[in-house]
Protein chains: 6
Amino acid sequence: MSRHRAEGPRSPWQEGTREALAAAGLEPQWVRDVVVRALSEDLGPGWVDVTTAATVPADSDRRAEVRAVADGVVAGLLLFPVVLAEAAARLTLPVPIADLRVHDGAHIEDGDVVLDIRGATRVLLVAERTALNLVRHLSGVATLADTWVGALGESGTRLIDTRCTTPGLRPLERYAVRCGGGTNGRAGLYDAAHVTVAHAEAAGSVAAALDAVRRRLPGALVQVDVRSPLQGVEAVHAGARFVVCEGMSVEQLASTVPQIRAATGDRVEIACTGPYGVRDAARLARTGVDHVYVDTLVSEAREVDLELVLR
Amino acid sequence: MSRHRAEGPRSPWQEGTREALAAAGLEPQWVRDVVVRALSEDLGPGWVDVTTAATVPADSDRRAEVRAVADGVVAGLLLFPVVLAEAAARLTLPVPIADLRVHDGAHIEDGDVVLDIRGATRVLLVAERTALNLVRHLSGVATLADTWVGALGESGTRLIDTRCTTPGLRPLERYAVRCGGGTNGRAGLYDAAHVTVAHAEAAGSVAAALDAVRRRLPGALVQVDVRSPLQGVEAVHAGARFVVCEGMSVEQLASTVPQIRAATGDRVEIACTGPYGVRDAARLARTGVDHVYVDTLVSEAREVDLELVLR
Amino acid sequence: MSRHRAEGPRSPWQEGTREALAAAGLEPQWVRDVVVRALSEDLGPGWVDVTTAATVPADSDRRAEVRAVADGVVAGLLLFPVVLAEAAARLTLPVPIADLRVHDGAHIEDGDVVLDIRGATRVLLVAERTALNLVRHLSGVATLADTWVGALGESGTRLIDTRCTTPGLRPLERYAVRCGGGTNGRAGLYDAAHVTVAHAEAAGSVAAALDAVRRRLPGALVQVDVRSPLQGVEAVHAGARFVVCEGMSVEQLASTVPQIRAATGDRVEIACTGPYGVRDAARLARTGVDHVYVDTLVSEAREVDLELVLR
Amino acid sequence: MSRHRAEGPRSPWQEGTREALAAAGLEPQWVRDVVVRALSEDLGPGWVDVTTAATVPADSDRRAEVRAVADGVVAGLLLFPVVLAEAAARLTLPVPIADLRVHDGAHIEDGDVVLDIRGATRVLLVAERTALNLVRHLSGVATLADTWVGALGESGTRLIDTRCTTPGLRPLERYAVRCGGGTNGRAGLYDAAHVTVAHAEAAGSVAAALDAVRRRLPGALVQVDVRSPLQGVEAVHAGARFVVCEGMSVEQLASTVPQIRAATGDRVEIACTGPYGVRDAARLARTGVDHVYVDTLVSEAREVDLELVLR
Amino acid sequence: MSRHRAEGPRSPWQEGTREALAAAGLEPQWVRDVVVRALSEDLGPGWVDVTTAATVPADSDRRAEVRAVADGVVAGLLLFPVVLAEAAARLTLPVPIADLRVHDGAHIEDGDVVLDIRGATRVLLVAERTALNLVRHLSGVATLADTWVGALGESGTRLIDTRCTTPGLRPLERYAVRCGGGTNGRAGLYDAAHVTVAHAEAAGSVAAALDAVRRRLPGALVQVDVRSPLQGVEAVHAGARFVVCEGMSVEQLASTVPQIRAATGDRVEIACTGPYGVRDAARLARTGVDHVYVDTLVSEAREVDLELVLR
Amino acid sequence: MSRHRAEGPRSPWQEGTREALAAAGLEPQWVRDVVVRALSEDLGPGWVDVTTAATVPADSDRRAEVRAVADGVVAGLLLFPVVLAEAAARLTLPVPIADLRVHDGAHIEDGDVVLDIRGATRVLLVAERTALNLVRHLSGVATLADTWVGALGESGTRLIDTRCTTPGLRPLERYAVRCGGGTNGRAGLYDAAHVTVAHAEAAGSVAAALDAVRRRLPGALVQVDVRSPLQGVEAVHAGARFVVCEGMSVEQLASTVPQIRAATGDRVEIACTGPYGVRDAARLARTGVDHVYVDTLVSEAREVDLELVLR
């Protein structure tokens, strides 16, 4: 059961925008809320750009294009039509038309035109900053994810994101990770269990914690943190089938993975998390770990520079 | 006239939290919205941490402390009590008590304890990620601002932030800049005018644009972008008293500033903006420019690592 | 004083829809909320019908008609234009035109066409289930009410509905009862007093309860439950002028009614409530009771089948 | 990604209520909205029960029990604590304690006590009708589902519900079906594709429709309606792997199922839908169909009578 | 059917406040909205009284009384507990206790104590202005209504208010009129029909307008404006049974009333409206008019001065 | 930082309306809320004017003008287009065009036409009362402010309004004061400090209170109430630089002002407040006081009569 406000988007979004968001796993209404909130920060209580209102006639139209000023993987282009439409709605001007030249997830290079726009100049100027702030940020995340995925290579080891995201933007940042070829970890504290040291302590033991979670959530994915090979083996003996090796050096990890696998005849999924960087990726992959959890896909991402140019 | 929703915060926030936020220039209700939105991302529609609910008794209490794991300037500590209170409200558990050991804006070092908490273990575990995501990010911004301010030195040249912020978090990021000793630029498109090339073109000329803005907003601050000494002098002759030198090299800037000042007997404020880094700060200051606008205080900030440790 | 949200309906409803609802005693804004909530259940957070979006072009138009597949009394037809308009608004497509061939309250027979529609095929397919769920259910209630009213005949005994309604739909179900010729009882616990055994006990006696209610609500309608002729007479002596005979057999009722009427020279209204069925109606009427309260008008109603046929 | 309002339940619900709802697949906030809406219908704009306010002291406490007055499968008991808590919140009285004697899904018999309550008398009287309306209705649905499931026997043929639900209550009615041992079909138009005749016509053919849906929703469940064995075989040839036999007699169905299965070496899921009743269940099961879609689980359900008795 | 937001008041209002408002014909939730809106104007986005926060300790308690500083009829005292409770909720301080010494509608004299309060000093200081603004204004309206009613004397001519009210406060001002002994006219454009010259023109004639309204609203009250005896008689002949004499001098009115009454054997209600003052009341009453509509009960009301004194 | 709901006005307001409000210091969204709330009072839950709906065709268009029926200073004309647009939106009719002949703040005379309107007759009739109620009231406030300002003459003594405003309308009434040439005092308890006797008592002394406020709000404006020359001098010695002489006769004030000024070499701002009327203005000005706080600008204002005339 999925719940949401009964009010749906009613702004005159460009045909196909809502469906594109839904297909990308983004709720249109939620996206609209994010965009309107961002616009409201920039336009203030009066929804007015004082400079533009004073200098640009309401009926002035322009063409513009969005151009890459750096290389990277683009993410968030599909937000551009939303920002334009919502800005237009607030200015009570017609919605500009935006044509995507490339799609989210594409590799772009400095100079590439990624989007053509034509419409009311006032709307273009008002939407520019909000749209670029979003796209640059998300493209940075996608690019870092892509770098990791490339570095992990054909090993089968997957890049997984974590709950270290910008408050209010998690679904978009998870989308950006997908654009970069990464895989989403759990969405939050609610959609999978992850037994940390604190939980094991509170329950009495890892086994007791596993048991408690399973009684409560039969059939749910349950991950267990371990900090040593011994803890890993014990966790498996206690019934864990998804083990997260936390804070180990690559060498430790290399010796821990086979020990955990040897502890049972069942399939065990093994993930690792720690202060690793892209430079560690190939070696992590060689340890045979299934998943690398990377906390820093958002915080270490460098924005990909794009600019809006009036023509 | 300041507008806002008539509903105020009703959660049992710790005494003094609301006033501290107000004194810091942050609207309590807006802060609450940001925090609740972030918690809701993490707790999902059921407001439940499945692992904690299964393993930690409702009446378990713990002490915890928040510790720096890196050096920097801290910002956002005053959000911790809000996250704890709102998490507690959603779990219908008592609100933990949080004692700040240092205040936002303080320089902290690896190992420093910045906050003591005691209260329901469930609340501590649920609030941890949301609170740390906020504080790490804002401390990163404050630290970068502080580095800039230090590099500009005693010159009188001020560091100014821009509208390049994370959608939905602008007021907090502006606060972080203040914590780092920086100065806020305009809040958005609504509270000051900034005549760019596009506006001048639309109005016919810089002079026409200046004139249009002044008629509309008598007495308002009006900034004008210029890209050469000549444009700067022309802008001043057209009546500009706040000139933003855009995209000049430091050398160009050094020659432009005195030309602009010489163009009138009035006081002219001069700012610069461009792809400058901290390493350029001292030379920028020596140009005599009044303000350096830095677009990258958010995007280039590195999170300051802090952790929550149960005791 | 009537209170309500200040926001009124802004969707481009078909001319006359709002007025028709108001004339039917249904608040347009409340109806809109019910309809949008129902649509949102069916369309999900993305407001999308995935099958239709994939297979039916946005510009496809069709004619359709709503046909009875059973006999009954129709109720809720006036919701059809609302469902169509709100579905269209969410799909950002033009609002289809709906022409009612019969009005709510009409007797319909298998095969009757009750409504013609023409408009965007996508809207027709999306609105179909929500609209039919509403109309079939309400027509079922109207039909059962009509059956009761027919069975009570020309006796003057009135059919009254009760608070046993579907949560969230009470005003619509009360409307359906009116369409079937029935009369609405009190709308809720707030618009009339009804002294049950529990209230009499709490107040000390029926007389004390009557007194307490009258002091609080001078001039209000006060009904009193009685379970025997004696209690009925006592209630009248205590000042009751509206007595509800609860749980009596038809025979008991027949002897109780004249005793109550004989207990005072004033006019006393007498109602009955119990596990009666339509087959008891004629005999109930002959007891001289003024009102029959029927708890099961909703729960025992059988949906009246109607279908939407594309042409 | 699941979206929802950032506001969570803040009423002092009884410990464990929120978690029980989440475990039952019901969003606590959504449940709260349903309950508050139902209470508001009954209590009116003043949130006042005029009879109770006049006759029952605010500090009066009582015990009560909820008793079955008929046999059936109970569903919705876990809503009782929510209704009590929200009623108490509105009356600003303490929340009564409710102890469930049996759990949703249990078979109950006339006379069984299913729930004990103790608390403020005013709250008990105010909550009674709203809570009983919900539980009786949902228990009716659960009981009808249970009857179907029993009649289908050990055949492996599963009972599936449909989108024919009460507007505003779909998630609860789907829960009731699960309580009765049934299986939920798609939640709405958004979470699976179902190609009907209208869609096939619009797309040009069943094959074209299947193709269009798959391009749009790679990997999604796609059901296809067929009305004859021939259509079934064609659908399978066109790539359908989930076929819904619509409107066939049991005999037709018996001959269609093996023809469809023979049309391909792949596994094909076969469902049927039509005006079947419980009496047809055993014969339907013997056709070898995998799923029986029953439109009438809500509309044909008979309420299970339960009553609240003060002690 | 009465509609309203499902959220009821949840602040810890003093026992009996909600019921008192409901008994006074005021919806508690609406009153709460008005009060919270007013407090929010005064406390700003931070919900803070900077002076009080700085100088008065949170745990300081005081007694206070509200005293009349002028004579008049008091109205709005029952809002005082609401203002205190909502202010306390926003300051997260205990709700002060307020004891009414007199009730709304009472005649008060300079020096009378009308209310005793004890509670947190901060709350008293914060609530003071908002509460007094409301009570003074409403008491002014009640006093003017009382003066009119007194001047009309025992004639049977009733004072009726009009739609000339302060936007956002109409229900309170209508309540104040009732406190002063006046009678409420229609609540708005929706609850009764009033045919003016413009409507008669649009419909073609008074008779056509009357006819159109009656077809649309069978059984509704329909008032008709007339400006001369002749128009009055024509209106009666056209079927009007409620005539409003508009803009006539008292003398004209005196001759018109009997002519209208003579035009039919039915009972006709006659009202008058015009630029009359209290000084005209006795003469108006003597014309035999049934109702005097006074537009200026709000705009000409003089506030009744009351003050809050800390003790 | 300015906060506000993310939703901006989306009704099809006439071009330039939003900007005009913003330039007047009124938040468009807040104005819209006020207007919609007022309309909803008048139109009821069905948003219907029953008389107009019955008698005036939906496609009837008219011209109208708003005319002064008295002399005064007009304020609130810029609300007319908002009322018309919002009424039109609710009736789903086109928005009428309104041309202002004069601007808010203009002196108008009986007979002046201040506004031309043309558009749907239904909208004109529905909007009339709400718009006139607002404009008459605000013009009354502006006119009284103008009278005061005229009476204070060229003295330099300024008229200041206070927090004695109509709940829910403060920003509009402050705007009206500005239209009349007056100056706004503090907006509420939050944007400046005002130390009264109660605060001084609570803090221990005026000096302690001043000190406490300054520590909390460095740099804020702090006003101090004094009731005698001695208190004034003491306040200045305690560091006060803004003194409010409360409740003094004009004579007392005349002797107090120079004593306060003599108490320090710094500039001290001196205000007075008390039961003064316009007749005292010239003498107040002569005392040399800087500001006169007038509590009664709203409560003593007489509406300026304007009427809407269909042509």
# chains A, B, ... in the order shown; residues from 1 in each chain; ligands from 1

call {"tool": "closest_atom_pairs", "arguments": {"of": "chain A", "to": "chain F", "cutoff": "6 Å", "atoms": "only C-alpha atoms", "output": "tab-separated table"}}
result
residue	atom	partner	partner_atom	distance
A:Val36	CA	F:Ala6	CA	5.8
A:Arg37	CA	F:Ala6	CA	5.1
A:Ser40	CA	F:Ala6	CA	5.6
A:Pro45	CA	F:Glu27	CA	5.9
A:Gly46	CA	F:Glu27	CA	5.4

call {"tool": "select_by_dssp", "arguments": {"residues": "stretch 76-211 of chain D", "states": "alpha helix (DSSP H)", "output": "JSON, numbers by chain"}}
result
{"D": [80, 81, 82, 83, 84, 85, 86, 87, 88, 89, 90, 91, 121, 122, 123, 124, 125, 126, 127, 128, 129, 130, 131, 132, 133, 134, 135, 136, 137, 138, 139, 140, 141, 142, 143, 144, 145, 146, 147, 148, 149, 150, 151, 152, 170, 171, 172, 173, 174, 175, 176, 177, 178, 179, 197, 198, 199, 200, 201, 202, 203, 206, 207, 208, 209, 210, 211]}

call {"tool": "residues_around", "arguments": {"residues": "stretch 129-137 of chain E", "least_positions_apart": "6", "cutoff": "8 Å", "atoms": "only C-alpha atoms", "output": "list in words"}}
result
Val35, Ala38, Leu39, Asp42, Val74, Ala75, Gly76, Leu77, Leu79, Phe80, Val83, Ala301, Arg302, Glu303, Val304, Asp305, Leu306, Glu307 and Leu308 of chain E; Arg163, Cys164, Thr165, Thr166, Pro167 and Ser299 of chain F

call {"tool": "atom_distance", "arguments": {"atom1": "atom CA of E:Asp59", "atom2": "atom CA of E:Leu100"}}
result
24.4 Å

call {"tool": "residues_around", "arguments": {"residues": "stretch 250-260 of chain C", "least_positions_apart": "4", "cutoff": "9 Å", "atoms": "only C-alpha atoms", "output": "PyMOL selection string"}}
result
chain C and resi 228-230+232-236+243+245+264+268+270+272+276+280+283-284+286-289

call {"tool": "select_by_dssp", "arguments": {"residues": "stretch 248-306 of chain C", "states": "strand (DSSP E or B)", "output": "MDAnalysis selection string"}}
result
chainID C and resid 269:273 291:294 306

call {"tool": "residues_around", "arguments": {"residues": "E:Leu84", "least_positions_apart": "6", "cutoff": "10 Å", "atoms": "only C-alpha atoms", "output": "PyMOL selection string"}}
result
chain E and resi 13-14+35+94-98+117+119-120+123-128+130-131

call {"tool": "decode", "arguments": {"residues": "stretch 240-254 of chain A", "atoms": "all heavy atoms", "output": "JSON list (two decimals), in the first residue's frame"}}
result
[["chain", "number", "residue", "atom", "x", "y", "z"],
["A", 240, "ALA", "N", 22.53, -15.62, 10.09],
["A", 240, "ALA", "CA", 22.60, -14.49, 9.18],
["A", 240, "ALA", "C", 22.91, -14.96, 7.77],
["A", 240, "ALA", "O", 23.73, -15.86, 7.57],
["A", 240, "ALA", "CB", 23.67, -13.50, 9.64],
["A", 241, "ARG", "N", 22.27, -14.39, 6.79],
["A", 241, "ARG", "CA", 22.55, -14.72, 5.39],
["A", 241, "ARG", "C", 22.94, -13.47, 4.59],
["A", 241, "ARG", "O", 23.05, -13.49, 3.38],
["A", 241, "ARG", "CB", 21.35, -15.43, 4.75],
["A", 241, "ARG", "CG", 21.12, -16.85, 5.26],
["A", 241, "ARG", "CD", 22.31, -17.77, 4.97],
["A", 241, "ARG", "NE", 22.22, -19.07, 5.61],
["A", 241, "ARG", "CZ", 22.76, -19.36, 6.82],
["A", 241, "ARG", "NH1", 23.42, -18.44, 7.50],
["A", 241, "ARG", "NH2", 22.66, -20.57, 7.31],
["A", 242, "PHE", "N", 23.10, -12.35, 5.32],
["A", 242, "PHE", "CA", 23.58, -11.11, 4.70],
["A", 242, "PHE", "C", 24.47, -10.43, 5.73],
["A", 242, "PHE", "O", 23.98, -9.94, 6.74],
["A", 242, "PHE", "CB", 22.41, -10.20, 4.31],
["A", 242, "PHE", "CG", 22.78, -9.11, 3.35],
["A", 242, "PHE", "CD1", 22.19, -9.02, 2.09],
["A", 242, "PHE", "CD2", 23.73, -8.14, 3.68],
["A", 242, "PHE", "CE1", 22.54, -8.01, 1.20],
["A", 242, "PHE", "CE2", 24.07, -7.14, 2.79],
["A", 242, "PHE", "CZ", 23.47, -7.08, 1.54],
["A", 243, "VAL", "N", 25.75, -10.41, 5.45],
["A", 243, "VAL", "CA", 26.72, -9.93, 6.43],
["A", 243, "VAL", "C", 27.41, -8.69, 5.88],
["A", 243, "VAL", "O", 27.80, -8.68, 4.71],
["A", 243, "VAL", "CB", 27.75, -11.05, 6.72],
["A", 243, "VAL", "CG1", 28.87, -10.52, 7.61],
["A", 243, "VAL", "CG2", 27.06, -12.24, 7.35],
["A", 244, "VAL", "N", 27.53, -7.67, 6.72],
["A", 244, "VAL", "CA", 28.20, -6.44, 6.32],
["A", 244, "VAL", "C", 29.50, -6.32, 7.11],
["A", 244, "VAL", "O", 29.48, -6.16, 8.33],
["A", 244, "VAL", "CB", 27.31, -5.21, 6.60],
["A", 244, "VAL", "CG1", 28.02, -3.94, 6.13],
["A", 244, "VAL", "CG2", 25.96, -5.37, 5.92],
["A", 245, "CYS", "N", 30.61, -6.41, 6.42],
["A", 245, "CYS", "CA", 31.92, -6.27, 7.07],
["A", 245, "CYS", "C", 32.21, -4.79, 7.23],
["A", 245, "CYS", "O", 32.32, -4.07, 6.23],
["A", 245, "CYS", "CB", 32.99, -6.94, 6.21],
["A", 245, "CYS", "SG", 32.66, -8.69, 5.98],
["A", 246, "GLU", "N", 32.34, -4.37, 8.47],
["A", 246, "GLU", "CA", 32.42, -2.94, 8.72],
["A", 246, "GLU", "C", 33.81, -2.52, 9.18],
["A", 246, "GLU", "O", 34.35, -3.07, 10.15],
["A", 246, "GLU", "CB", 31.41, -2.58, 9.81],
["A", 246, "GLU", "CG", 31.16, -1.09, 9.86],
["A", 246, "GLU", "CD", 30.71, -0.63, 11.22],
["A", 246, "GLU", "OE1", 30.30, -1.49, 12.02],
["A", 246, "GLU", "OE2", 30.81, 0.57, 11.48],
["A", 247, "GLY", "N", 34.38, -1.58, 8.49],
["A", 247, "GLY", "CA", 35.62, -0.96, 8.93],
["A", 247, "GLY", "C", 36.86, -1.83, 8.80],
["A", 247, "GLY", "O", 37.86, -1.57, 9.47],
["A", 248, "MET", "N", 36.81, -2.85, 7.99],
["A", 248, "MET", "CA", 38.00, -3.70, 7.81],
["A", 248, "MET", "C", 38.91, -3.10, 6.75],
["A", 248, "MET", "O", 38.47, -2.45, 5.81],
["A", 248, "MET", "CB", 37.57, -5.10, 7.34],
["A", 248, "MET", "CG", 36.70, -5.84, 8.34],
["A", 248, "MET", "SD", 36.33, -7.51, 7.73],
["A", 248, "MET", "CE", 35.15, -8.05, 9.00],
["A", 249, "SER", "N", 40.20, -3.39, 6.89],
["A", 249, "SER", "CA", 41.12, -3.06, 5.80],
["A", 249, "SER", "C", 40.82, -4.02, 4.64],
["A", 249, "SER", "O", 40.18, -5.06, 4.83],
["A", 249, "SER", "CB", 42.56, -3.23, 6.26],
["A", 249, "SER", "OG", 42.81, -4.61, 6.46],
["A", 250, "VAL", "N", 41.31, -3.66, 3.47],
["A", 250, "VAL", "CA", 41.07, -4.52, 2.31],
["A", 250, "VAL", "C", 41.65, -5.91, 2.57],
["A", 250, "VAL", "O", 41.06, -6.94, 2.20],
["A", 250, "VAL", "CB", 41.64, -3.88, 1.03],
["A", 250, "VAL", "CG1", 41.40, -4.78, -0.17],
["A", 250, "VAL", "CG2", 41.01, -2.52, 0.80],
["A", 251, "GLU", "N", 42.77, -5.95, 3.23],
["A", 251, "GLU", "CA", 43.42, -7.25, 3.48],
["A", 251, "GLU", "C", 42.55, -8.10, 4.41],
["A", 251, "GLU", "O", 42.31, -9.29, 4.16],
["A", 251, "GLU", "CB", 44.80, -7.04, 4.13],
["A", 251, "GLU", "CG", 45.82, -6.42, 3.19],
["A", 251, "GLU", "CD", 45.52, -4.96, 2.86],
["A", 251, "GLU", "OE1", 44.92, -4.24, 3.70],
["A", 251, "GLU", "OE2", 45.83, -4.53, 1.73],
["A", 252, "GLN", "N", 42.11, -7.47, 5.49],
["A", 252, "GLN", "CA", 41.22, -8.20, 6.41],
["A", 252, "GLN", "C", 40.01, -8.75, 5.67],
["A", 252, "GLN", "O", 39.59, -9.88, 5.86],
["A", 252, "GLN", "CB", 40.70, -7.25, 7.51],
["A", 252, "GLN", "CG", 41.67, -7.01, 8.65],
["A", 252, "GLN", "CD", 41.02, -6.05, 9.64],
["A", 252, "GLN", "OE1", 40.76, -4.90, 9.30],
["A", 252, "GLN", "NE2", 40.76, -6.54, 10.85],
["A", 253, "LEU", "N", 39.47, -7.88, 4.84],
["A", 253, "LEU", "CA", 38.28, -8.27, 4.10],
["A", 253, "LEU", "C", 38.57, -9.49, 3.22],
["A", 253, "LEU", "O", 37.77, -10.43, 3.15],
["A", 253, "LEU", "CB", 37.83, -7.08, 3.23],
["A", 253, "LEU", "CG", 36.47, -7.21, 2.59],
["A", 253, "LEU", "CD1", 35.37, -7.22, 3.64],
["A", 253, "LEU", "CD2", 36.23, -6.04, 1.62],
["A", 254, "ALA", "N", 39.73, -9.45, 2.59],
["A", 254, "ALA", "CA", 40.09, -10.55, 1.69],
["A", 254, "ALA", "C", 40.13, -11.87, 2.43],
["A", 254, "ALA", "O", 39.80, -12.93, 1.88],
["A", 254, "ALA", "CB", 41.45, -10.26, 1.04]]
